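Q: Just dropping this structure here.
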Amino acid sequence: MKLYNSETRTIEEFIPYDEKKVNMYTCGPTVYHFAHIGNLRSYIMEDILERSLRYLGYDVKRAMNITDVGHLSSDGDTGEDKMLLGAKRENKTVMQVAQEYTDAFKRDMEMLNLKWPEYVVPATSCVADYIKIISKLINTGYAYYSHGNVYFDTSKLGKYYRFGNEDASNLSVGVRETVEEDENKKNKNDFVLWFTKSKFENQALKWDSPWGVGYPGWHIECSAISLKTLGEHLDIHCGGIDNRFPHHTNEIAQTESYTGHRWCKYWFHVEHLITKSGKMSKSSGEFLTLSLLKQKGYAPEVYKFFCLLSHYRKQLLFSYDTLDSAKNMYDKLKDRIKKLNFNENFNIDKSVYEKFDEQFKSSLANDLNTSLAITAIYDVLKSDVNDTTKVALLKSFDTVLNINLFGFLNNEQENQGSKEVPSEVLKLIEDRKIAKQNKNFEQADKIRLSIKSLGYDIIDTREGTIVKKL
Ligand SMILES: [Zn+2]
């Protein structure tokens, strides 16, 4: 597998710490609002990365945080607390808001059929871990206490910003809000590990700590949760591209200072989804959620297909026009698959199967080139191999791409006209089922011909028999 590593800014051969075992960490949502479809692009691509690794023979263990405390609207140490903003907006408590949007995020993941990681950890459940890490950082001189807060001392590091050669002091924290300088810091890039002096008097979530009652900074949450669930050696850390600075930069700083050795080998960043007016956000333009797309008639797998047509390291322009063309392509693709012969069982042509499977695998192994992986689907359909081999290949590809290519086999609504199937045909289907159960295949074939003469055909699948109009 070849993968682009944001830290070295090159495509590298992917070699995990432990041969075929992969530890993977994903920055999870801050649960103060719905996820917009730009956020979801990252989760889709991370899911494809995990599925691809599994398909290529790796064993993957994955963890994700749910940020329910400590994330300020600037991504740094300034701005408003996002959870408090959500609570204020909805006149609810912070915990109610956290629960509501954690559930909403889960629904989005389910709609997209994304795998829920092995470990999903709410930030508020790990306070003892933050305190342990921060205490050690203070004892080893990497952190200091100043006027109520604990800060990480970035001047103690040889190289603080690791995703490029820029000097971090030239990097800006997001594009949000006005920058307020915190005069209690020793260096401009120092960041808060633990807040006790909060300007938010109504900060609802506070814990006792050696430095006073307060709450953790956002960055320490991901470091602690990753260390706790996946250990001190991480293979891949994922997130949206805007997490590179300050979030991931700070994660590296504090984690490696804490463990005393190199932490994460590969950084996987997904580029932005943009609209004509710029980067998608929750506060400007139409608030695009998966549910909104669904209401407008775009199935979640259509949005996923739309994302897969582009490479994850390229900005993706969203418009209803581009989504419509993806939908068109997707519908046509499914129509072609529906026309395959599901009834006869040919022998799988092993050499052709392996050739296409190799093609599919090498597109995934080529820095997750999902558009080439989709091309493999078309190449299979175009080829003159028998339909049983085609179906087997496409089903296998769909375990990675996961775009519901065979949904029609068990989806009532797509089961063409099944609601109006004449009772005569339904009776014959029942008779045929009994004949097959009694192993009277000759009789079953005869009944099938009778069904055909009435203008219907049946498809036997592992999930049951479905009927379609001829
Ligand atoms: Zn994170």
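For the structure tokens, the naming scheme is as follows: chains receive sequential letters (A, B, ...) according to their order of presentation, residues are indexed from 1 within each chain, and ligands are indexed from 1 in presentation order.
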List all protein, DNA and RNA residues that have an atom no more than 12 Å from any atom of ligand 1, counting only C-alpha atoms and all ligand atoms, and report them as a ChimeraX atom specification.

A: /A:25-30,63-67,70-71,75,121-123,217-226,237-252,267,269

Q: Env of A:Phe195: 12 Å cut, atoms = only C-alpha atoms, seq-sep filter 2 positions within chain, self excluded. Answer as a PyMOL selection string.

A: chain A and resi 69-72+77-78+81+130-131+134+145-152+191-193+197-200+203+205-218+220

Q: Create the file for the chosen residues now, containing N, CA and C atoms and written as a short mmCIF file (atom, residue, chain, number, x, y, z; two decimals), in the first residue's frame.

A:
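And here's part.cif as it stands now:
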```
data_model
loop_
_atom_site.label_atom_id
_atom_site.label_comp_id
_atom_site.auth_asym_id
_atom_site.auth_seq_id
_atom_site.Cartn_x
_atom_site.Cartn_y
_atom_site.Cartn_z
N VAL A 69 -16.32 18.59 25.35
CA VAL A 69 -15.84 19.68 26.21
C VAL A 69 -14.52 20.20 25.64
N GLY A 70 -14.26 21.50 25.84
CA GLY A 70 -12.92 22.04 25.60
C GLY A 70 -12.62 22.59 24.22
N HIS A 71 -13.53 22.42 23.24
CA HIS A 71 -13.22 22.89 21.88
C HIS A 71 -13.74 24.31 21.70
N LEU A 72 -12.81 25.24 21.49
CA LEU A 72 -13.22 26.63 21.33
C LEU A 72 -13.39 26.95 19.84
N ASP A 77 -6.90 28.58 21.50
CA ASP A 77 -7.33 28.83 22.87
C ASP A 77 -8.23 30.05 22.98
N THR A 78 -8.69 30.54 21.86
CA THR A 78 -9.52 31.74 21.91
C THR A 78 -10.88 31.46 21.29
N ASP A 81 -16.62 28.80 23.58
CA ASP A 81 -16.66 27.36 23.74
C ASP A 81 -17.80 26.83 22.86
N TYR A 130 -6.10 12.90 31.27
CA TYR A 130 -5.51 14.21 30.92
C TYR A 130 -4.63 14.69 32.07
N ILE A 131 -5.14 14.51 33.28
CA ILE A 131 -4.41 14.98 34.46
C ILE A 131 -3.06 14.24 34.58
N ILE A 134 -0.72 15.63 31.78
CA ILE A 134 -0.31 17.02 32.05
C ILE A 134 0.67 17.07 33.23
N TYR A 145 2.65 26.29 34.53
CA TYR A 145 1.42 26.86 35.07
C TYR A 145 1.56 28.37 35.04
N SER A 146 0.56 29.04 34.53
CA SER A 146 0.64 30.50 34.51
C SER A 146 -0.74 31.11 34.67
N HIS A 147 -0.89 31.88 35.72
CA HIS A 147 -2.15 32.61 35.96
C HIS A 147 -3.40 31.74 35.79
N GLY A 148 -3.37 30.58 36.36
CA GLY A 148 -4.59 29.76 36.39
C GLY A 148 -4.66 28.68 35.32
N ASN A 149 -3.94 28.82 34.23
CA ASN A 149 -3.98 27.79 33.18
C ASN A 149 -2.66 27.03 33.11
N VAL A 150 -2.72 25.81 32.56
CA VAL A 150 -1.48 25.09 32.29
C VAL A 150 -1.23 25.14 30.79
N TYR A 151 -0.02 25.53 30.41
CA TYR A 151 0.33 25.66 28.99
C TYR A 151 1.42 24.68 28.61
N PHE A 152 1.42 24.30 27.34
CA PHE A 152 2.53 23.53 26.79
C PHE A 152 3.58 24.53 26.30
N PHE A 191 0.19 26.48 23.98
CA PHE A 191 -1.27 26.26 23.97
C PHE A 191 -1.71 25.68 25.30
N VAL A 192 -3.00 25.81 25.57
CA VAL A 192 -3.51 25.42 26.88
C VAL A 192 -3.77 23.92 26.96
N LEU A 193 -3.27 23.32 28.04
CA LEU A 193 -3.55 21.91 28.31
C LEU A 193 -4.71 21.80 29.29
N LYS A 197 -8.79 29.27 34.50
CA LYS A 197 -9.26 30.64 34.37
C LYS A 197 -10.03 30.74 33.08
N SER A 198 -11.30 30.55 33.20
CA SER A 198 -12.08 30.61 31.98
C SER A 198 -12.85 31.90 31.95
N LYS A 199 -12.94 32.46 30.76
CA LYS A 199 -13.78 33.66 30.64
C LYS A 199 -15.25 33.25 30.58
N PHE A 200 -15.47 31.94 30.51
CA PHE A 200 -16.86 31.47 30.46
C PHE A 200 -17.32 31.12 31.86
N GLN A 203 -19.38 28.02 32.25
CA GLN A 203 -18.83 26.73 31.83
C GLN A 203 -19.39 25.64 32.75
N LEU A 205 -19.13 22.22 32.62
CA LEU A 205 -18.38 21.02 32.94
C LEU A 205 -17.02 21.39 33.52
N LYS A 206 -16.85 21.05 34.78
CA LYS A 206 -15.57 21.37 35.44
C LYS A 206 -15.17 20.19 36.30
N TRP A 207 -13.87 20.00 36.44
CA TRP A 207 -13.37 18.91 37.27
C TRP A 207 -12.26 19.43 38.17
N ASP A 208 -12.10 18.73 39.27
CA ASP A 208 -11.02 19.08 40.18
C ASP A 208 -9.69 18.63 39.55
N SER A 209 -8.62 19.39 39.79
CA SER A 209 -7.32 18.99 39.26
C SER A 209 -6.26 19.55 40.19
N PRO A 210 -5.00 19.12 40.05
CA PRO A 210 -3.94 19.69 40.90
C PRO A 210 -3.78 21.19 40.69
N TRP A 211 -4.33 21.72 39.60
CA TRP A 211 -4.15 23.14 39.28
C TRP A 211 -5.42 23.95 39.50
N GLY A 212 -6.39 23.33 40.12
CA GLY A 212 -7.65 24.01 40.39
C GLY A 212 -8.77 23.42 39.56
N VAL A 213 -9.99 23.83 39.88
CA VAL A 213 -11.16 23.32 39.17
C VAL A 213 -11.18 23.88 37.75
N GLY A 214 -11.32 23.00 36.77
CA GLY A 214 -11.29 23.49 35.39
C GLY A 214 -11.64 22.41 34.40
N TYR A 215 -11.12 22.56 33.20
CA TYR A 215 -11.44 21.59 32.15
C TYR A 215 -10.30 21.51 31.14
N PRO A 216 -10.23 20.40 30.39
CA PRO A 216 -9.08 20.18 29.51
C PRO A 216 -9.17 21.00 28.22
N GLY A 217 -8.02 21.20 27.58
CA GLY A 217 -8.00 21.79 26.24
C GLY A 217 -8.38 20.70 25.24
N TRP A 218 -8.78 21.11 24.06
CA TRP A 218 -9.26 20.16 23.05
C TRP A 218 -8.15 19.19 22.60
N ILE A 220 -5.43 17.96 24.00
CA ILE A 220 -4.98 16.90 24.91
C ILE A 220 -5.96 15.71 24.88
#
```

Q: Taking only C-alpha atoms into account, which of A:Arg262, A:Lys355, A:Lys395, A:Lys439 comes nearest A:Ser383?

A: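 Result for the nearest residue to A:Ser383: A:Lys355.
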
Q: Pick out the closest residue to A:Asp331 from this set: A:Met109, A:Ala299, A:Val120, A:Leu290. Count only C-alpha atoms.

A: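 Of A:Met109, A:Ala299, A:Val120, A:Leu290, the one nearest A:Asp331, counting only C-alpha atoms, is A:Ala299.
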
Q: Quick one: everything within 12 Å of A:Leu157, counting only C-alpha atoms, minus sequence neighbours fewer than 4 positions away in the same chain. Send it as a list in words.

A: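 Contacts, with the query itself left out: Gly141, Tyr142, Ala143, Phe152, Asp153, Tyr161, Arg162, Asn187, Asn189, Asp190, Thr249, Asn250, Ile252, Ala253, Gln254, Glu256, Ser257 and Gly260 of chain A.
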
Q: Pull N, CA and C atoms from the residues just selected and write them as a tab-separated table (two decimals), in the first residue's frame.

A:
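Done, and the output landed in out_16.tsv:
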```tsv
chain	number	residue	atom	x	y	z
A	141	GLY	N	9.22	19.39	32.48
A	141	GLY	CA	9.57	20.72	31.97
A	141	GLY	C	8.94	21.11	30.65
A	142	TYR	N	8.03	20.29	30.14
A	142	TYR	CA	7.38	20.64	28.86
A	142	TYR	C	6.14	21.51	29.04
A	143	ALA	N	5.70	21.62	30.28
A	143	ALA	CA	4.50	22.43	30.49
A	143	ALA	C	4.69	23.30	31.72
A	152	PHE	N	1.42	24.30	27.34
A	152	PHE	CA	2.53	23.53	26.79
A	152	PHE	C	3.58	24.53	26.30
A	153	ASP	N	4.85	24.25	26.62
A	153	ASP	CA	5.93	25.17	26.26
A	153	ASP	C	6.55	24.73	24.92
A	161	TYR	N	6.26	22.66	14.36
A	161	TYR	CA	5.33	22.43	13.25
A	161	TYR	C	5.91	21.38	12.32
A	162	ARG	N	5.20	20.27	12.11
A	162	ARG	CA	5.81	19.14	11.42
A	162	ARG	C	5.23	18.87	10.03
A	187	ASN	N	5.40	31.78	25.02
A	187	ASN	CA	5.68	31.86	23.57
A	187	ASN	C	4.37	31.91	22.81
A	189	ASN	N	3.20	30.35	20.30
A	189	ASN	CA	2.52	29.10	19.94
A	189	ASN	C	2.15	28.21	21.13
A	190	ASP	N	2.52	28.58	22.31
A	190	ASP	CA	2.14	27.76	23.47
A	190	ASP	C	0.62	27.62	23.50
A	249	THR	N	-0.70	19.44	15.14
A	249	THR	CA	0.63	19.90	15.53
A	249	THR	C	0.78	19.82	17.06
A	250	ASN	N	-0.27	20.25	17.75
A	250	ASN	CA	-0.23	20.22	19.22
A	250	ASN	C	-0.33	18.79	19.76
A	252	ILE	N	0.96	16.17	18.36
A	252	ILE	CA	2.30	15.57	18.24
A	252	ILE	C	3.20	16.10	19.36
A	253	ALA	N	3.16	17.42	19.54
A	253	ALA	CA	4.03	18.05	20.54
A	253	ALA	C	3.85	17.42	21.91
A	254	GLN	N	2.61	17.33	22.35
A	254	GLN	CA	2.40	16.85	23.73
A	254	GLN	C	2.56	15.33	23.84
A	256	GLU	N	4.50	13.20	21.98
A	256	GLU	CA	5.90	12.76	21.92
A	256	GLU	C	6.70	13.26	23.12
A	257	SER	N	6.34	14.41	23.65
A	257	SER	CA	7.03	14.90	24.85
A	257	SER	C	6.67	14.01	26.03
A	260	GLY	N	8.26	10.35	25.06
A	260	GLY	CA	9.71	10.39	24.85
A	260	GLY	C	10.15	9.71	23.56
```

Q: Using only C-alpha atoms, which residue out of A:Met45, A:Ile447, A:Val391, A:Cys126 lies closest to A:Thr229?

A: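 Selected residue with least distance to A:Thr229: A:Cys126.
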